[in-house]
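**Student:** target-v5.cif is reproduced in full below (mmCIF, C-alpha atoms).
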```
data_start
loop_
_atom_site.label_atom_id
_atom_site.label_comp_id
_atom_site.auth_asym_id
_atom_site.auth_seq_id
_atom_site.Cartn_x
_atom_site.Cartn_y
_atom_site.Cartn_z
CA MET S 1 -14.02 -19.98 14.06
CA GLU S 2 -12.85 -21.69 17.24
CA THR S 3 -9.46 -20.72 18.64
CA ASP S 4 -8.32 -24.33 18.33
CA ASP S 5 -8.85 -24.13 14.57
CA LEU S 6 -6.41 -21.22 14.18
CA PRO S 7 -2.81 -21.91 13.12
CA GLY S 8 -0.29 -22.09 15.94
CA VAL S 9 2.50 -19.57 16.26
CA GLY S 10 5.02 -22.09 14.95
CA VAL S 11 3.11 -22.61 11.71
CA LEU S 12 2.72 -18.86 11.25
CA LEU S 13 6.41 -18.20 11.87
CA ARG S 14 7.39 -20.91 9.41
CA ASP S 15 5.10 -19.38 6.79
CA TRP S 16 6.69 -15.96 7.27
CA ARG S 17 10.19 -17.47 7.12
CA GLN S 18 9.41 -19.27 3.88
CA ARG S 19 7.77 -16.16 2.45
CA ARG S 20 11.03 -14.29 3.14
CA LYS S 21 13.00 -17.16 1.54
CA LEU S 22 15.13 -17.74 4.63
CA SER S 23 16.39 -21.07 5.91
CA GLN S 24 16.09 -21.96 9.58
CA LEU S 25 19.83 -21.39 9.87
CA ASP S 26 19.55 -17.93 8.27
CA LEU S 27 16.81 -16.86 10.68
CA ALA S 28 18.44 -18.42 13.72
CA LEU S 29 21.66 -16.49 13.06
CA LYS S 30 19.76 -13.24 12.58
CA ALA S 31 17.71 -13.73 15.76
CA ASP S 32 20.61 -15.01 17.88
CA THR S 33 19.03 -18.36 18.63
CA SER S 34 19.73 -21.98 17.70
CA THR S 35 18.32 -23.83 14.72
CA ARG S 36 17.23 -26.58 17.12
CA HIS S 37 15.13 -24.16 19.19
CA LEU S 38 13.69 -22.54 16.08
CA SER S 39 12.79 -25.96 14.68
CA CYS S 40 11.06 -26.86 17.94
CA VAL S 41 9.11 -23.60 17.85
CA GLU S 42 8.00 -24.13 14.26
CA THR S 43 6.87 -27.71 14.91
CA GLY S 44 5.04 -26.79 18.12
CA ARG S 45 7.36 -28.72 20.44
CA ALA S 46 8.45 -25.50 22.18
CA ARG S 47 6.56 -22.37 23.09
CA PRO S 48 8.59 -19.24 22.29
CA SER S 49 8.82 -16.44 24.83
CA ARG S 50 7.10 -13.15 24.11
CA ALA S 51 10.51 -11.57 23.48
CA MET S 52 11.44 -14.37 21.06
CA VAL S 53 8.23 -13.92 19.06
CA LEU S 54 8.91 -10.22 18.71
CA ARG S 55 12.56 -10.78 17.83
CA LEU S 56 11.74 -13.32 15.14
CA ALA S 57 9.00 -11.04 13.77
CA GLU S 58 11.45 -8.13 13.63
CA HIS S 59 13.99 -10.10 11.62
CA LEU S 60 11.26 -11.45 9.34
CA ASP S 61 10.03 -7.90 8.70
CA VAL S 62 6.50 -8.91 9.72
CA PRO S 63 3.97 -6.02 9.60
CA LEU S 64 2.83 -4.79 13.02
CA ARG S 65 -0.73 -6.07 12.51
CA ASP S 66 0.64 -9.56 11.92
CA ARG S 67 3.08 -9.29 14.83
CA ASN S 68 0.06 -8.87 17.07
CA GLY S 69 -1.41 -11.98 15.43
CA LEU S 70 1.77 -13.94 16.17
CA LEU S 71 1.65 -12.88 19.82
CA LEU S 72 -1.99 -13.89 20.15
CA ALA S 73 -1.23 -17.26 18.54
CA ALA S 74 1.52 -17.78 21.13
CA GLY S 75 -0.83 -16.90 23.98
CA TYR S 76 0.38 -13.35 24.65
CA ALA S 77 -1.32 -9.97 24.53
CA PRO S 78 -0.78 -7.78 21.46
CA ALA S 79 2.17 -5.38 21.64
CA TYR S 80 0.96 -2.70 19.25
CA ARG S 81 -2.12 -0.50 19.52
CA GLU S 82 -4.32 0.33 16.54
CA SER S 83 -5.47 3.91 17.02
CA PRO S 84 -8.00 5.77 14.83
CA LEU S 85 -6.23 8.44 12.82
CA GLY S 86 -8.59 11.06 14.22
CA SER S 87 -7.92 10.16 17.86
CA ASP S 88 -6.03 12.40 20.30
CA ARG S 89 -3.19 9.88 20.37
CA MET S 90 -2.68 10.31 16.62
CA ALA S 91 -3.14 14.09 16.52
CA MET S 92 0.53 14.77 15.77
CA ALA S 93 0.64 12.20 12.97
CA GLY S 94 -2.63 13.46 11.52
CA ALA S 95 -1.34 17.02 11.52
CA ALA S 96 1.85 15.88 9.77
CA LEU S 97 -0.17 14.18 7.04
CA LYS S 98 -2.38 17.24 6.54
CA SER S 99 0.73 19.40 6.32
CA MET S 100 2.32 17.12 3.72
CA LEU S 101 -0.82 17.14 1.58
CA ALA S 102 -1.28 20.90 1.75
CA GLY S 103 2.39 21.63 1.23
CA HIS S 104 2.57 19.47 -1.88
CA ALA S 105 -0.03 21.56 -3.76
CA PRO S 106 -0.31 22.42 -6.60
CA TYR S 107 0.89 18.87 -7.21
CA PRO S 108 -1.50 15.97 -6.42
CA ALA S 109 -0.99 13.88 -3.27
CA ALA S 110 -3.03 11.30 -1.36
CA VAL S 111 -2.79 9.28 1.86
CA ILE S 112 -3.41 5.57 1.29
CA ASP S 113 -3.69 2.59 3.63
CA ARG S 114 -2.45 -1.00 3.38
CA LEU S 115 -5.35 -1.99 1.11
CA TRP S 116 -4.76 0.98 -1.22
CA ASP S 117 -7.88 2.73 0.04
CA ILE S 118 -7.69 6.53 -0.09
CA VAL S 119 -7.73 8.02 3.41
CA ASP S 120 -7.24 11.68 2.45
CA TYR S 121 -6.04 13.78 -0.48
CA ASN S 122 -5.24 17.36 -1.38
CA SER S 123 -7.17 19.70 -3.63
CA ALA S 124 -4.77 19.18 -6.56
CA MET S 125 -5.98 15.58 -6.87
CA SER S 126 -8.94 17.06 -8.75
CA VAL S 127 -6.91 16.83 -11.97
CA LEU S 128 -7.09 13.04 -11.63
CA LEU S 129 -10.51 12.67 -10.01
CA ASN S 130 -12.84 15.23 -11.52
CA THR S 131 -13.85 13.16 -14.57
CA VAL S 132 -14.07 9.80 -12.74
CA PRO S 133 -17.53 8.45 -11.76
CA PRO S 134 -18.46 8.82 -8.06
CA HIS S 135 -18.49 5.06 -7.44
CA LEU S 136 -14.70 5.13 -7.91
CA THR S 137 -14.03 8.33 -5.93
CA ASP S 138 -16.56 8.23 -3.06
CA PRO S 139 -15.23 7.77 0.52
CA GLY S 140 -13.33 4.51 0.70
CA ALA S 141 -12.21 4.78 -2.93
CA ASN S 142 -9.38 2.43 -3.85
CA VAL S 143 -6.30 3.49 -5.80
CA MET S 144 -6.02 0.22 -7.73
CA ARG S 145 -9.67 0.37 -8.80
CA LEU S 146 -9.27 4.04 -9.68
CA ILE S 147 -6.30 3.30 -11.94
CA LEU S 148 -7.42 0.03 -13.54
CA HIS S 149 -11.22 0.13 -13.78
CA PRO S 150 -12.38 0.86 -17.36
CA ASP S 151 -14.54 3.71 -16.00
CA GLY S 152 -11.62 5.18 -14.06
CA LEU S 153 -8.29 6.60 -15.13
CA ALA S 154 -7.73 3.70 -17.53
CA SER S 155 -9.91 5.37 -20.14
CA ARG S 156 -7.76 8.52 -20.01
CA CYS S 157 -4.35 6.94 -19.47
CA LEU S 158 -2.11 7.39 -22.50
CA ASN S 159 0.25 4.58 -21.45
CA PHE S 160 -2.33 2.30 -19.85
CA ALA S 161 -0.59 -1.01 -20.59
CA GLU S 162 2.62 0.17 -18.93
CA VAL S 163 0.80 1.62 -15.91
CA ARG S 164 -1.37 -1.50 -15.56
CA SER S 165 1.64 -3.80 -15.62
CA HIS S 166 3.44 -1.72 -13.01
CA ALA S 167 0.39 -1.39 -10.72
CA LEU S 168 -0.42 -5.10 -10.83
CA GLY S 169 3.24 -5.95 -10.23
CA ARG S 170 3.32 -3.78 -7.10
CA LEU S 171 0.10 -5.29 -5.82
CA LEU S 172 1.17 -8.88 -6.50
CA HIS S 173 4.48 -8.27 -4.74
CA GLN S 174 2.55 -7.02 -1.72
CA VAL S 175 0.31 -10.09 -1.86
CA ASN S 176 3.29 -12.43 -1.95
CA THR S 177 5.22 -10.71 0.83
CA THR S 178 2.28 -10.39 3.24
CA GLY S 179 -0.06 -13.23 2.34
CA HIS S 180 -3.01 -10.99 3.22
CA ARG S 181 -6.32 -12.36 1.95
CA GLU S 182 -7.83 -8.90 1.32
CA LEU S 183 -4.93 -7.93 -0.93
CA ARG S 184 -5.18 -11.17 -2.89
CA GLU S 185 -8.90 -10.61 -3.40
CA LEU S 186 -8.18 -7.07 -4.57
CA TYR S 187 -5.53 -8.35 -7.00
CA GLU S 188 -7.88 -10.99 -8.39
CA GLU S 189 -10.56 -8.35 -8.87
CA VAL S 190 -8.53 -5.62 -10.57
CA SER S 191 -6.40 -7.96 -12.68
CA ALA S 192 -9.62 -9.27 -14.23
CA TYR S 193 -10.83 -5.83 -15.34
CA PRO S 194 -11.06 -5.61 -19.13
CA PRO S 195 -9.04 -2.83 -20.77
CA PRO S 196 -10.91 0.19 -22.14
CA PRO S 197 -12.11 -0.40 -25.73
CA GLY S 198 -9.30 -0.22 -28.25
CA LEU S 199 -6.48 -0.46 -25.70
CA ASP S 200 -3.99 -3.33 -25.58
CA PRO S 201 -3.48 -4.54 -21.97
CA GLU S 202 -0.02 -5.91 -22.78
CA PRO S 203 2.86 -3.46 -22.20
CA GLY S 204 5.39 -2.80 -24.92
CA PRO S 205 9.17 -2.84 -24.49
CA VAL S 206 10.55 -1.05 -21.45
CA ASP S 207 11.99 2.38 -22.24
CA PRO S 208 15.74 1.95 -21.54
CA THR S 209 16.14 5.73 -21.09
CA GLY S 210 13.45 6.03 -18.40
CA ILE S 211 14.14 6.09 -14.67
CA VAL S 212 10.53 5.72 -13.46
CA VAL S 213 7.23 4.46 -14.84
CA PRO S 214 5.25 7.62 -15.67
CA LEU S 215 1.53 8.23 -15.50
CA ARG S 216 0.60 9.90 -18.77
CA ILE S 217 -2.95 11.12 -18.41
CA ARG S 218 -5.42 13.13 -20.49
CA THR S 219 -7.09 15.78 -18.30
CA PRO S 220 -9.55 18.63 -18.98
CA TYR S 221 -6.56 20.98 -18.73
CA GLY S 222 -4.37 19.10 -21.21
CA ASP S 223 -2.18 16.01 -21.33
CA MET S 224 0.02 15.54 -18.25
CA SER S 225 2.98 13.31 -17.41
CA LEU S 226 3.51 12.53 -13.72
CA PHE S 227 5.66 10.30 -11.55
CA SER S 228 5.09 9.48 -7.90
CA VAL S 229 7.07 9.18 -4.68
CA ILE S 230 5.86 7.15 -1.70
CA ALA S 231 6.55 8.44 1.83
CA THR S 232 5.98 6.47 5.04
CA PHE S 233 6.45 7.13 8.75
CA GLY S 234 9.81 6.12 10.18
CA ALA S 235 9.82 3.60 13.05
CA PRO S 236 6.03 3.44 13.55
CA ALA S 237 4.83 1.82 16.80
CA ASP S 238 1.10 1.90 16.03
CA VAL S 239 -0.63 -0.44 13.58
CA THR S 240 -2.59 2.36 11.88
CA LEU S 241 0.49 4.51 11.40
CA SER S 242 2.55 1.60 10.06
CA GLU S 243 -0.01 1.02 7.33
CA LEU S 244 -0.27 4.56 5.99
CA ALA S 245 1.68 6.04 3.10
CA VAL S 246 1.59 9.33 1.22
CA GLU S 247 1.79 9.08 -2.56
CA MET S 248 3.00 12.39 -3.99
CA PHE S 249 2.90 13.13 -7.70
CA PHE S 250 5.44 15.34 -9.47
CA PRO S 251 5.47 16.74 -13.01
CA MET S 252 7.78 15.05 -15.52
CA ASP S 253 7.94 17.95 -17.95
CA GLU S 254 7.47 21.70 -18.21
CA GLN S 255 4.01 21.39 -19.78
CA THR S 256 2.69 19.39 -16.83
CA GLU S 257 4.32 21.80 -14.39
CA ALA S 258 2.63 24.76 -16.08
CA LEU S 259 -0.77 23.05 -16.26
CA LEU S 260 -0.71 22.13 -12.58
CA ARG S 261 0.30 25.60 -11.49
CA LYS S 262 -2.38 27.42 -13.46
CA GLN S 263 -5.36 25.41 -12.20
CA PRO S 264 -8.03 27.78 -10.88
CA GLU S 265 -8.51 27.48 -7.13
CA SER S 266 -12.25 27.23 -7.74
CA GLU S 267 -11.66 23.94 -9.56
CA GLN S 268 -9.66 22.47 -6.68
CA PRO S 269 -12.30 21.22 -4.22
CA GLU S 270 -11.50 20.57 -0.61
CA SER S 271 -10.60 17.01 0.28
CA GLU S 272 -13.61 14.75 0.78
CA HIS S 273 -11.63 12.13 2.64
CA SER S 274 -10.53 12.89 6.15
CA GLY S 275 -8.48 10.99 8.67
CA SER S 276 -10.37 12.66 11.50
CA GLU S 277 -13.18 10.10 11.58
#
```
Mind converting the file's structure to structure tokens?
**Tutor:**
Amino acid sequence: METDDLPGVGVLLRDWRQRRKLSQLDLALKADTSTRHLSCVETGRARPSRAMVLRLAEHLDVPLRDRNGLLLAAGYAPAYRESPLGSDRMAMAGAALKSMLAGHAPYPAAVIDRLWDIVDYNSAMSVLLNTVPPHLTDPGANVMRLILHPDGLASRCLNFAEVRSHALGRLLHQVNTTGHRELRELYEEVSAYPPPPGLDPEPGPVDPTGIVVPLRIRTPYGDMSLFSVIATFGAPADVTLSELAVEMFFPMDEQTEALLRKQPESEQPESEHSGSE
């Protein structure tokens, strides 16, 4: 595609503003500029400074990858590097992730990227992965496919309809707030998966006594109930780092706690996914 065919920075900024449901006045006040100047930027009648692009992107909560895209569209060099997780520059972050994964055992935990691909995981993830076909767990495995594919966890999930509704809702929200094509394609793919035979894909009434959506799963060790917590890096200044999250699972009851703690070490394989590549 020729550069001239790409959207200008004004069009991109307007799209992000509308995605965030802000008026020009709202954004102008946040970014300490005038609505007239912002209007001129969005219509292409004015070229924003590099500092203005970054300021508008900050107040629009634009992901770092897309901030670089805004800068390029305005004729400036990218501001944020994208470093491989295994590079020397990312050694400290990589070590922190490894420490979080190891320290969370015997509870499952995994590092995921912006497209829900699994980057790394700890040995306790075997309780979720050891009965799933390799095509859903091989390097580059995707969390949404793992959860929703009929050959994946869906066939062992005791509250599949509830989990499916929650997972698709999270993914659709991400699609709508970022506009990323890859995420929309992933949503279209996984939302079209048929439910496992005999399972209703429509969730029942929400449990008014619950505080989180659980994952109730049948495992070789027994039935488990888990909930998850997502952790991200604070104030990331690298594209790779900004797109990583650690999903950590915790037991919801004493039975799950006991089952996780008594897993034989021999049945907890070393992680196959590594951020050192």
**Student:** Out of S:Leu129, S:Ile112, S:Ala167, S:Leu136, which residue has the shortest atom-to-atom distance to Ala245 (chain S) when counting only C-alpha atoms?
**Tutor:**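 Nearest candidate to Ala245 (chain S) out of S:Leu129, S:Ile112, S:Ala167, S:Leu136: S:Ile112.
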**Student:** Which is closer to Glu42 (chain S) than all the others in S:Lys21, S:Arg156, S:Arg14, S:His180, using all atoms listed in the file?
**Tutor:**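 That would be S:Arg14, the residue with the smallest distance to Glu42 (chain S).
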**Student:** Please determine, counting all atoms listed in the file, which residue among S:Ala79, S:Ala124, S:Leu186, S:Val213 has the shortest atom-to-atom distance to Ser165 (chain S).
**Tutor:**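 When distances to Ser165 (chain S) are compared using all atoms listed in the file, the smallest one comes from S:Val213.
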**Student:** Between CA of Asn122 (chain S) and CA of Leu101 (chain S), what distance in Å does the model show, to one decimal?
**Tutor:**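 Computed distance, CA of Asn122 (chain S) to CA of Leu101 (chain S), equals 5.3 Å.
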**Student:** For His104 (chain S), which residue out of S:Ser191, S:Met125, S:Pro78, S:Asn159 is the nearest one, using all atoms listed in the file?
**Tutor:**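 For His104 (chain S), the nearest of the candidates is S:Met125.
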**Student:** Give me the residues within 10 Å of region 81-87 of chain S as a ChimeraX atom specification, counting all atoms listed in the file and dropping any in the same chain fewer than 4 places off.
**Tutor:** /S:64-65,68,91-95,119,237-242,244,274-277
